[in-house]
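A quick write-up on the structure given underneath.
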Amino acid sequence: MDTNQIKLRIAEIKEDERLSYPSANVFTNAPLAIIQIGLATELQTLEKVLGIPLSAIPLTKNKRKK
């Protein structure tokens, strides 16, 4: 994977709505919990490879509080 492919994959992961949901656990929603941990791990690994700051999980959508 080159740098551009990594950046594209990071963008794809950040667009995945499931990472913006509250963190699931295996007792209440095992499939979502497994998906979230997989996406979060991949995202932070790719960010570390590029040397950029790691994203906080769950991701927050750009919503402004009034």
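Every chain in the structure tokens has a letter given in the order shown (A, B, ...), and although residue numbers restart at 1 in each chain, ligands are simply numbered from 1 in the order shown.
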Residue set, chain A restricted to alpha helix (DSSP H), as an NGL selection string: :A and (3-15 or 30-50)
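The protein and nucleic acid residues lying at most 12 Å from Ile10 (chain A) are A:Thr3, A:Asn4, A:Asp16, A:Leu39, A:Ala40, A:Thr41, A:Glu42, A:Leu43, A:Gln44, A:Thr45, A:Leu46, A:Glu47, A:Lys48, A:Val49, A:Leu50, A:Ile52, A:Leu54, A:Ser55, with only C-alpha atoms considered and sequence neighbours fewer than 6 positions away removed.
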File of the preceding selection, C-alpha atoms, as a PDB file, in the first residue's frame:
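Written output follows (again_32.pdb):
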```pdb
ATOM      1  CA  THR A   3       0.611   6.630   1.034  1.00  0.00           C
ATOM      2  CA  ASN A   4      -2.319   7.612  -1.185  1.00  0.00           C
ATOM      3  CA  ASP A  16     -18.272   4.333   8.196  1.00  0.00           C
ATOM      4  CA  LEU A  39     -12.379  -0.743  12.125  1.00  0.00           C
ATOM      5  CA  ALA A  40     -10.857   1.139  15.068  1.00  0.00           C
ATOM      6  CA  THR A  41      -7.761  -1.061  15.061  1.00  0.00           C
ATOM      7  CA  GLU A  42      -7.276  -0.698  11.312  1.00  0.00           C
ATOM      8  CA  LEU A  43      -7.815   3.069  11.459  1.00  0.00           C
ATOM      9  CA  GLN A  44      -5.340   3.661  14.271  1.00  0.00           C
ATOM     10  CA  THR A  45      -2.770   1.310  12.723  1.00  0.00           C
ATOM     11  CA  LEU A  46      -2.910   3.162   9.412  1.00  0.00           C
ATOM     12  CA  GLU A  47      -2.676   6.529  11.180  1.00  0.00           C
ATOM     13  CA  LYS A  48       0.348   5.308  13.105  1.00  0.00           C
ATOM     14  CA  VAL A  49       2.000   4.145   9.865  1.00  0.00           C
ATOM     15  CA  LEU A  50       1.589   7.653   8.437  1.00  0.00           C
ATOM     16  CA  ILE A  52      -0.457  11.305  12.114  1.00  0.00           C
ATOM     17  CA  LEU A  54      -4.614   8.893  16.301  1.00  0.00           C
ATOM     18  CA  SER A  55      -8.375   9.388  16.045  1.00  0.00           C
TER      19      SER A  55
END
```
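In this model, the gap between CA of Ile57 (chain A) and CA of Lys14 (chain A) comes to 10.2 Å.
CA of Leu59 (chain A) is positioned 14.7 Å from CA of Leu32 (chain A).
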Spatial neighbours of Pro22 (chain A), max dist 12 Å, only C-alpha atoms, sep filter under 5 positions, as an MDAnalysis selection string: chainID A and resid 17 29 32:33 36 57:61
Atomic separation - CA of Arg9 (chain A) relative to CA of Ile37 (chain A), Å: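 It comes out at 16.0 Å.
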